[in-house]
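Engineer: Just so it is clear, I am handing over query_39.csv, which has CSV, N, CA and C atoms.
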```csv
chain,number,residue,atom,x,y,z
A,1,MET,N,182.4,87.8,73.4
A,1,MET,CA,182.7,86.9,74.5
A,1,MET,C,183.3,85.6,73.9
A,2,SER,N,184.4,85.2,74.4
A,2,SER,CA,185.0,84.0,73.8
A,2,SER,C,184.5,82.8,74.5
A,3,VAL,N,184.6,81.7,73.8
A,3,VAL,CA,184.2,80.4,74.4
A,3,VAL,C,185.1,80.1,75.6
A,4,ASP,N,186.4,80.5,75.6
A,4,ASP,CA,187.2,80.2,76.8
A,4,ASP,C,186.7,80.8,78.0
A,5,VAL,N,186.1,82.0,77.9
A,5,VAL,CA,185.5,82.7,79.1
A,5,VAL,C,184.4,81.9,79.7
A,6,LEU,N,183.7,81.2,78.8
A,6,LEU,CA,182.5,80.4,79.2
A,6,LEU,C,182.9,79.2,80.0
A,7,GLU,N,184.2,78.8,80.1
A,7,GLU,CA,184.5,77.7,80.9
A,7,GLU,C,184.3,77.9,82.4
A,8,GLN,N,184.2,79.1,82.8
A,8,GLN,CA,183.9,79.5,84.2
A,8,GLN,C,182.5,80.0,84.3
A,9,HIS,N,181.6,79.3,83.6
A,9,HIS,CA,180.2,79.7,83.5
A,9,HIS,C,179.4,78.5,83.9
A,10,PRO,N,178.2,78.7,84.5
A,10,PRO,CA,177.4,77.5,84.8
A,10,PRO,C,177.0,76.6,83.6
A,11,ILE,N,177.3,77.0,82.4
A,11,ILE,CA,177.0,76.1,81.3
A,11,ILE,C,177.8,74.9,81.4
A,12,GLY,N,178.9,74.9,82.1
A,12,GLY,CA,179.7,73.8,82.3
A,12,GLY,C,179.0,72.7,83.1
A,13,LEU,N,178.0,73.0,83.8
A,13,LEU,CA,177.2,72.0,84.6
A,13,LEU,C,176.2,71.2,83.8
A,14,VAL,N,176.0,71.6,82.5
A,14,VAL,CA,174.9,71.0,81.7
A,14,VAL,C,175.2,69.5,81.6
A,15,SER,N,176.5,69.1,81.4
A,15,SER,CA,176.8,67.7,81.2
A,15,SER,C,176.4,66.9,82.4
A,16,ARG,N,176.6,67.5,83.6
A,16,ARG,CA,176.1,66.8,84.9
A,16,ARG,C,174.6,66.7,84.9
A,17,TRP,N,173.9,67.7,84.5
A,17,TRP,CA,172.5,67.7,84.5
A,17,TRP,C,172.0,66.6,83.6
A,18,LEU,N,172.6,66.5,82.4
A,18,LEU,CA,172.2,65.5,81.4
A,18,LEU,C,172.5,64.1,82.0
A,19,GLN,N,173.6,63.9,82.7
A,19,GLN,CA,173.9,62.6,83.3
A,19,GLN,C,172.8,62.3,84.4
A,20,ALA,N,172.4,63.2,85.1
A,20,ALA,CA,171.4,63.0,86.2
A,20,ALA,C,170.0,62.8,85.7
A,21,LEU,N,169.6,63.5,84.6
A,21,LEU,CA,168.3,63.5,84.1
A,21,LEU,C,168.1,62.5,83.0
A,22,GLY,N,169.2,62.3,82.2
A,22,GLY,CA,169.0,61.5,80.9
A,22,GLY,C,168.7,62.4,79.8
A,23,PRO,N,168.7,61.9,78.6
A,23,PRO,CA,168.5,62.7,77.4
A,23,PRO,C,167.0,63.2,77.2
A,24,ASP,N,166.8,64.0,76.3
A,24,ASP,CA,165.5,64.5,75.9
A,24,ASP,C,164.8,65.4,76.9
A,25,TRP,N,165.6,66.2,77.6
A,25,TRP,CA,165.0,67.2,78.5
A,25,TRP,C,165.2,68.6,77.9
A,26,ASP,N,164.3,69.5,78.1
A,26,ASP,CA,164.4,70.8,77.6
A,26,ASP,C,164.7,71.8,78.8
A,27,ALA,N,165.6,72.7,78.5
A,27,ALA,CA,165.9,73.8,79.4
A,27,ALA,C,165.1,75.1,79.1
A,28,SER,N,164.7,75.8,80.1
A,28,SER,CA,164.0,77.1,79.8
A,28,SER,C,165.0,78.3,80.0
A,29,PHE,N,164.9,79.2,79.0
A,29,PHE,CA,165.7,80.4,79.0
A,29,PHE,C,164.8,81.6,78.8
A,30,SER,N,165.3,82.8,79.0
A,30,SER,CA,164.6,84.0,78.5
A,30,SER,C,165.6,85.0,78.2
A,31,THR,N,165.2,85.9,77.3
A,31,THR,CA,165.9,87.2,77.1
A,31,THR,C,165.1,88.3,77.6
A,32,TYR,N,165.8,89.3,78.2
A,32,TYR,CA,165.1,90.4,78.7
A,32,TYR,C,166.0,91.7,78.7
A,33,LEU,N,165.3,92.8,78.8
A,33,LEU,CA,166.0,94.1,78.9
A,33,LEU,C,166.2,94.4,80.4
A,34,TYR,N,167.5,94.5,80.8
A,34,TYR,CA,167.8,94.8,82.2
A,34,TYR,C,167.7,96.3,82.4
A,35,GLU,N,166.9,96.7,83.4
A,35,GLU,CA,166.7,98.0,83.8
A,35,GLU,C,166.8,98.1,85.3
A,36,PRO,N,167.8,98.7,85.8
A,36,PRO,CA,168.0,98.8,87.3
A,36,PRO,C,166.8,99.4,88.0
A,37,ARG,N,166.4,98.9,89.1
A,37,ARG,CA,165.3,99.4,90.0
A,37,ARG,C,164.0,99.2,89.3
A,38,LYS,N,163.8,98.5,88.3
A,38,LYS,CA,162.5,98.3,87.7
A,38,LYS,C,162.0,96.9,88.1
A,39,ILE,N,160.7,96.9,88.6
A,39,ILE,CA,160.1,95.7,89.2
A,39,ILE,C,159.8,94.7,88.1
A,40,GLU,N,159.3,95.1,87.0
A,40,GLU,CA,158.9,94.1,85.9
A,40,GLU,C,159.8,94.4,84.7
A,41,ASP,N,160.0,93.4,83.9
A,41,ASP,CA,160.8,93.5,82.7
A,41,ASP,C,160.1,92.9,81.6
A,42,THR,N,160.5,93.2,80.4
A,42,THR,CA,160.0,92.6,79.2
A,42,THR,C,160.8,91.4,78.9
A,43,ARG,N,160.2,90.2,78.9
A,43,ARG,CA,160.9,89.0,78.9
A,43,ARG,C,160.3,88.0,77.9
A,44,THR,N,161.1,87.4,77.1
A,44,THR,CA,160.7,86.4,76.1
A,44,THR,C,161.3,85.0,76.6
A,45,ILE,N,160.4,84.1,76.9
A,45,ILE,CA,160.8,82.8,77.4
A,45,ILE,C,160.8,81.8,76.3
A,46,PHE,N,161.8,80.9,76.2
A,46,PHE,CA,161.9,79.9,75.2
A,46,PHE,C,162.6,78.6,75.8
A,47,LYS,N,162.3,77.5,75.1
A,47,LYS,CA,162.9,76.2,75.5
A,47,LYS,C,163.9,75.8,74.5
A,48,VAL,N,165.0,75.1,75.0
A,48,VAL,CA,166.0,74.5,74.1
A,48,VAL,C,166.3,73.1,74.6
A,49,PRO,N,166.4,72.1,73.7
A,49,PRO,CA,166.9,70.8,74.2
A,49,PRO,C,168.2,70.9,75.0
A,50,LEU,N,168.2,70.4,76.2
A,50,LEU,CA,169.3,70.5,77.1
A,50,LEU,C,170.6,70.0,76.4
A,51,ASN,N,170.5,69.0,75.6
A,51,ASN,CA,171.7,68.4,74.9
A,51,ASN,C,172.3,69.4,73.9
A,52,ARG,N,171.5,70.4,73.5
A,52,ARG,CA,172.0,71.4,72.5
A,52,ARG,C,172.7,72.6,73.2
A,53,VAL,N,172.6,72.7,74.6
A,53,VAL,CA,173.1,73.8,75.3
A,53,VAL,C,174.6,73.5,75.6
A,54,THR,N,175.4,74.2,74.8
A,54,THR,CA,176.9,74.1,74.9
A,54,THR,C,177.5,75.5,75.0
A,55,PRO,N,178.8,75.5,75.3
A,55,PRO,CA,179.4,76.8,75.3
A,55,PRO,C,179.3,77.6,73.9
A,56,GLN,N,179.4,76.8,72.8
A,56,GLN,CA,179.2,77.5,71.5
A,56,GLN,C,177.8,78.0,71.3
A,57,TRP,N,176.8,77.2,71.7
A,57,TRP,CA,175.4,77.7,71.6
A,57,TRP,C,175.2,78.9,72.4
A,58,LEU,N,175.8,79.0,73.7
A,58,LEU,CA,175.6,80.1,74.5
A,58,LEU,C,176.3,81.4,73.9
A,59,LYS,N,177.5,81.2,73.4
A,59,LYS,CA,178.2,82.3,72.7
A,59,LYS,C,177.3,82.8,71.6
A,60,GLU,N,176.8,82.0,70.8
A,60,GLU,CA,175.9,82.4,69.6
A,60,GLU,C,174.7,83.2,70.1
A,61,GLN,N,174.1,82.7,71.2
A,61,GLN,CA,172.9,83.4,71.8
A,61,GLN,C,173.3,84.8,72.3
A,62,ILE,N,174.4,84.9,73.0
A,62,ILE,CA,174.8,86.2,73.5
A,62,ILE,C,175.3,87.2,72.4
A,63,ASP,N,175.9,86.6,71.4
A,63,ASP,CA,176.4,87.5,70.3
A,63,ASP,C,175.2,88.2,69.6
A,64,VAL,N,174.0,87.6,69.6
A,64,VAL,CA,172.9,88.2,68.8
A,64,VAL,C,172.0,89.0,69.7
A,65,LEU,N,172.3,89.1,71.0
A,65,LEU,CA,171.4,89.9,71.9
A,65,LEU,C,171.4,91.3,71.5
A,66,PRO,N,170.3,92.0,71.5
A,66,PRO,CA,170.3,93.5,71.3
A,66,PRO,C,171.0,94.2,72.5
A,67,THR,N,171.5,95.3,72.2
A,67,THR,CA,172.1,96.1,73.3
A,67,THR,C,171.2,96.3,74.5
A,68,GLY,N,171.8,96.0,75.7
A,68,GLY,CA,171.1,96.1,76.9
A,68,GLY,C,170.3,94.9,77.3
A,69,PHE,N,170.2,93.9,76.5
A,69,PHE,CA,169.4,92.7,76.8
A,69,PHE,C,170.4,91.6,77.4
A,70,GLU,N,169.8,90.8,78.2
A,70,GLU,CA,170.5,89.7,78.9
A,70,GLU,C,169.8,88.4,78.6
A,71,LEU,N,170.5,87.3,78.8
A,71,LEU,CA,170.0,85.9,78.7
A,71,LEU,C,170.0,85.3,80.0
A,72,ALA,N,168.9,84.7,80.4
A,72,ALA,CA,168.8,84.0,81.7
A,72,ALA,C,168.4,82.6,81.5
A,73,LEU,N,169.1,81.7,82.3
A,73,LEU,CA,168.7,80.3,82.5
A,73,LEU,C,167.7,80.2,83.6
A,74,HIS,N,166.5,79.6,83.3
A,74,HIS,CA,165.5,79.4,84.4
A,74,HIS,C,165.8,78.0,85.0
A,75,SER,N,165.2,77.8,86.2
A,75,SER,CA,165.4,76.5,86.9
A,75,SER,C,164.6,75.4,86.3
A,76,ARG,N,163.6,75.7,85.5
A,76,ARG,CA,162.7,74.7,84.9
A,76,ARG,C,163.4,73.8,83.8
A,77,VAL,N,163.4,72.5,84.0
A,77,VAL,CA,163.7,71.6,82.9
A,77,VAL,C,162.6,70.6,82.8
A,78,THR,N,162.2,70.3,81.5
A,78,THR,CA,161.0,69.5,81.3
A,78,THR,C,161.3,68.4,80.3
A,79,HIS,N,160.5,67.3,80.5
A,79,HIS,CA,160.6,66.2,79.6
A,79,HIS,C,159.1,65.8,79.4
A,80,GLY,N,158.5,66.3,78.2
A,80,GLY,CA,157.1,66.1,78.0
A,80,GLY,C,156.4,66.9,79.1
A,81,ARG,N,155.5,66.2,79.9
A,81,ARG,CA,154.8,66.8,80.9
A,81,ARG,C,155.5,66.8,82.3
A,82,VAL,N,156.7,66.2,82.3
A,82,VAL,CA,157.4,66.0,83.6
A,82,VAL,C,158.2,67.3,83.8
A,83,LEU,N,158.2,67.8,85.0
A,83,LEU,CA,158.9,69.1,85.3
A,83,LEU,C,159.8,68.8,86.5
A,84,ARG,N,161.0,69.3,86.3
A,84,ARG,CA,162.0,69.3,87.4
A,84,ARG,C,162.6,70.7,87.5
A,85,HIS,N,163.3,70.9,88.6
A,85,HIS,CA,164.0,72.2,88.8
A,85,HIS,C,165.4,72.0,89.1
A,86,ILE,N,166.3,72.9,88.5
A,86,ILE,CA,167.7,72.9,88.8
A,86,ILE,C,167.8,73.8,90.1
A,87,PRO,N,168.4,73.3,91.1
A,87,PRO,CA,168.5,74.1,92.3
A,87,PRO,C,169.4,75.3,92.1
A,88,MET,N,168.8,76.5,92.3
A,88,MET,CA,169.6,77.7,92.1
A,88,MET,C,169.4,78.7,93.3
A,89,VAL,N,170.5,79.4,93.6
A,89,VAL,CA,170.4,80.4,94.7
A,89,VAL,C,171.1,81.6,94.2
A,90,ASP,N,170.5,82.8,94.4
A,90,ASP,CA,171.1,84.0,94.0
A,90,ASP,C,171.5,84.7,95.3
A,91,PHE,N,172.8,84.9,95.5
A,91,PHE,CA,173.3,85.6,96.7
A,91,PHE,C,173.5,87.1,96.3
A,92,ALA,N,172.6,87.9,96.6
A,92,ALA,CA,172.7,89.4,96.3
A,92,ALA,C,173.5,90.2,97.3
A,93,ALA,N,174.2,89.5,98.2
A,93,ALA,CA,174.9,90.2,99.3
A,93,ALA,C,176.3,90.7,98.8
A,94,ASP,N,176.8,91.6,99.5
A,94,ASP,CA,178.2,92.1,99.2
A,94,ASP,C,179.2,91.1,99.8
A,95,LEU,N,179.8,90.4,98.9
A,95,LEU,CA,180.8,89.3,99.3
A,95,LEU,C,182.1,89.6,98.7
A,96,GLN,N,183.2,89.3,99.4
A,96,GLN,CA,184.5,89.5,98.8
A,96,GLN,C,184.8,88.5,97.7
A,97,ASN,N,184.3,87.3,97.8
A,97,ASN,CA,184.5,86.3,96.8
A,97,ASN,C,183.6,85.1,97.0
A,98,GLY,N,183.6,84.2,96.0
A,98,GLY,CA,182.7,83.1,96.0
A,98,GLY,C,183.0,82.1,97.2
A,99,SER,N,184.2,82.1,97.7
A,99,SER,CA,184.5,81.2,98.9
A,99,SER,C,183.7,81.5,100.1
A,100,ASP,N,183.3,82.8,100.3
A,100,ASP,CA,182.4,83.2,101.4
A,100,ASP,C,181.0,82.4,101.2
A,101,VAL,N,180.5,82.4,100.0
A,101,VAL,CA,179.3,81.7,99.7
A,101,VAL,C,179.4,80.2,100.0
A,102,LEU,N,180.5,79.6,99.5
A,102,LEU,CA,180.7,78.2,99.7
A,102,LEU,C,180.8,77.8,101.2
A,103,GLU,N,181.5,78.6,102.0
A,103,GLU,CA,181.6,78.4,103.4
A,103,GLU,C,180.2,78.5,104.1
A,104,TRP,N,179.5,79.5,103.7
A,104,TRP,CA,178.2,79.7,104.3
A,104,TRP,C,177.2,78.5,103.9
A,105,ALA,N,177.3,78.1,102.7
A,105,ALA,CA,176.4,77.0,102.3
A,105,ALA,C,176.8,75.7,103.0
A,106,ALA,N,178.1,75.4,103.1
A,106,ALA,CA,178.5,74.2,103.8
A,106,ALA,C,178.1,74.2,105.2
A,107,LYS,N,178.2,75.4,105.9
A,107,LYS,CA,177.9,75.5,107.3
A,107,LYS,C,176.4,75.5,107.6
A,108,TYR,N,175.7,76.3,106.9
A,108,TYR,CA,174.2,76.4,107.2
A,108,TYR,C,173.3,75.6,106.4
A,109,LEU,N,173.7,75.2,105.2
A,109,LEU,CA,172.8,74.4,104.4
A,109,LEU,C,173.3,72.9,104.3
A,110,GLY,N,174.5,72.7,104.6
A,110,GLY,CA,175.0,71.3,104.5
A,110,GLY,C,175.2,70.8,103.1
A,111,VAL,N,175.4,71.7,102.1
A,111,VAL,CA,175.5,71.3,100.7
A,111,VAL,C,176.8,71.9,100.1
A,112,SER,N,177.1,71.2,99.0
A,112,SER,CA,178.3,71.7,98.2
A,112,SER,C,177.7,72.4,97.0
A,113,LEU,N,178.1,73.6,96.7
A,113,LEU,CA,177.6,74.4,95.6
A,113,LEU,C,178.7,74.7,94.6
A,114,HIS,N,178.3,75.0,93.4
A,114,HIS,CA,179.1,75.6,92.3
A,114,HIS,C,178.7,77.0,92.3
A,115,VAL,N,179.6,77.9,92.5
A,115,VAL,CA,179.3,79.4,92.6
A,115,VAL,C,179.9,80.1,91.5
A,116,TYR,N,179.1,81.0,90.9
A,116,TYR,CA,179.6,81.9,89.8
A,116,TYR,C,179.3,83.3,90.1
A,117,ALA,N,180.1,84.2,89.7
A,117,ALA,CA,179.9,85.7,89.8
A,117,ALA,C,179.3,86.2,88.5
A,118,SER,N,178.2,86.9,88.6
A,118,SER,CA,177.6,87.5,87.4
A,118,SER,C,178.0,88.9,87.2
A,119,GLY,N,178.6,89.5,88.2
A,119,GLY,CA,179.0,90.9,88.1
A,119,GLY,C,178.1,91.7,89.1
A,120,ARG,N,176.9,91.3,89.3
A,120,ARG,CA,176.0,92.0,90.2
A,120,ARG,C,175.8,91.2,91.5
A,121,SER,N,176.0,89.9,91.4
A,121,SER,CA,175.8,89.0,92.5
A,121,SER,C,176.5,87.7,92.3
A,122,PHE,N,176.3,86.8,93.3
A,122,PHE,CA,176.8,85.4,93.1
A,122,PHE,C,175.6,84.5,92.9
A,123,HIS,N,175.8,83.5,92.1
A,123,HIS,CA,174.8,82.5,91.8
A,123,HIS,C,175.3,81.1,92.1
A,124,ALA,N,174.5,80.3,92.8
A,124,ALA,CA,175.0,79.0,93.1
A,124,ALA,C,174.0,78.0,92.5
A,125,TYR,N,174.6,76.9,92.0
A,125,TYR,CA,173.9,75.8,91.4
A,125,TYR,C,174.3,74.5,92.0
```
Show me the file's structure as structure tokens.

Structural biologist:
Amino acid sequence: MSVDVLEQHPIGLVSRWLQALGPDWDASFSTYLYEPRKIEDTRTIFKVPLNRVTPQWLKEQIDVLPTGFELALHSRVTHGRVLRHIPMVDFAADLQNGSDVLEWAAKYLGVSLHVYASGRSFHAY
């Protein structure tokens, strides 16, 4: 995966989160083996300082994942004992494109979202 591909990835929102939260926050991630139709998965959760989460960092993490494993960003961001959540929505519906999600969110939720396609669904932040 090239760093150029990651420009259309939610990693681009990290700088906004840092502006909103300030420095010294940790982001929660996990690696897991994706198996269709399986309820539970084997997952390893870890924290990374949010200011270290860059497109290059993400590329390095993805490049070393074992075959079949995926990397997930969790909504939890922490600063010591303070916990906040990144608003996230997973739209698992069959949609033609992300603009359907944007229109739905604007109409029914009254919010502006950044929408990304993961291949299996759309994710909004």

Engineer: So that I can see what lies close to Ser15 of chain A, please list as a list in words the residues with an atom at most 8 Å from it, counting all atoms listed in the file and leaving out residues fewer than 5 positions away in the same chain.

Structural biologist: Pro10, Ala20, Leu21, Leu50 and Val53 of chain A

Engineer: Could you give me the residues within chain A that DSSP places in strand (DSSP E or B), as a PyMOL selection string?

Structural biologist: chain A and resi 26-33+43-49+69-79+82-85+89-91+115-117+122-124

Engineer: Phe91 of chain A: which residues within 8 Å, counting only C-alpha atoms, same-chain residues fewer than 4 positions away excluded, as a count of residues only?

Structural biologist: 5

Engineer: Identify which of the residues A:Thr42, A:Gln61, A:Gln19, A:Ser30 lies closest to His74 of chain A, counting only N, CA and C atoms when measuring atom-to-atom distances.

Structural biologist: A:Ser30

Engineer: For Phe69 of chain A, which of A:Leu33, A:Ile39, A:Val111, A:Val89 is the closest residue, counting only N, CA and C atoms?

Structural biologist: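 Looking only at the distances to Phe69 of chain A, the closest residue turns out to be A:Leu33.
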
Engineer: Choose the residue, out of A:Thr31, A:Ile45, A:Thr78, A:Ala72, that has the smallest atom-to-atom separation from Leu18 of chain A; count only C-alpha atoms.

Structural biologist: A:Thr78

Engineer: Calculate how many Å separate atom CA of His9 of chain A from atom C of Trp57 of chain A, rounding to one decimal.

Structural biologist: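 Atom-to-atom, atom CA of His9 of chain A to atom C of Trp57 of chain A, that is 12.2 Å.
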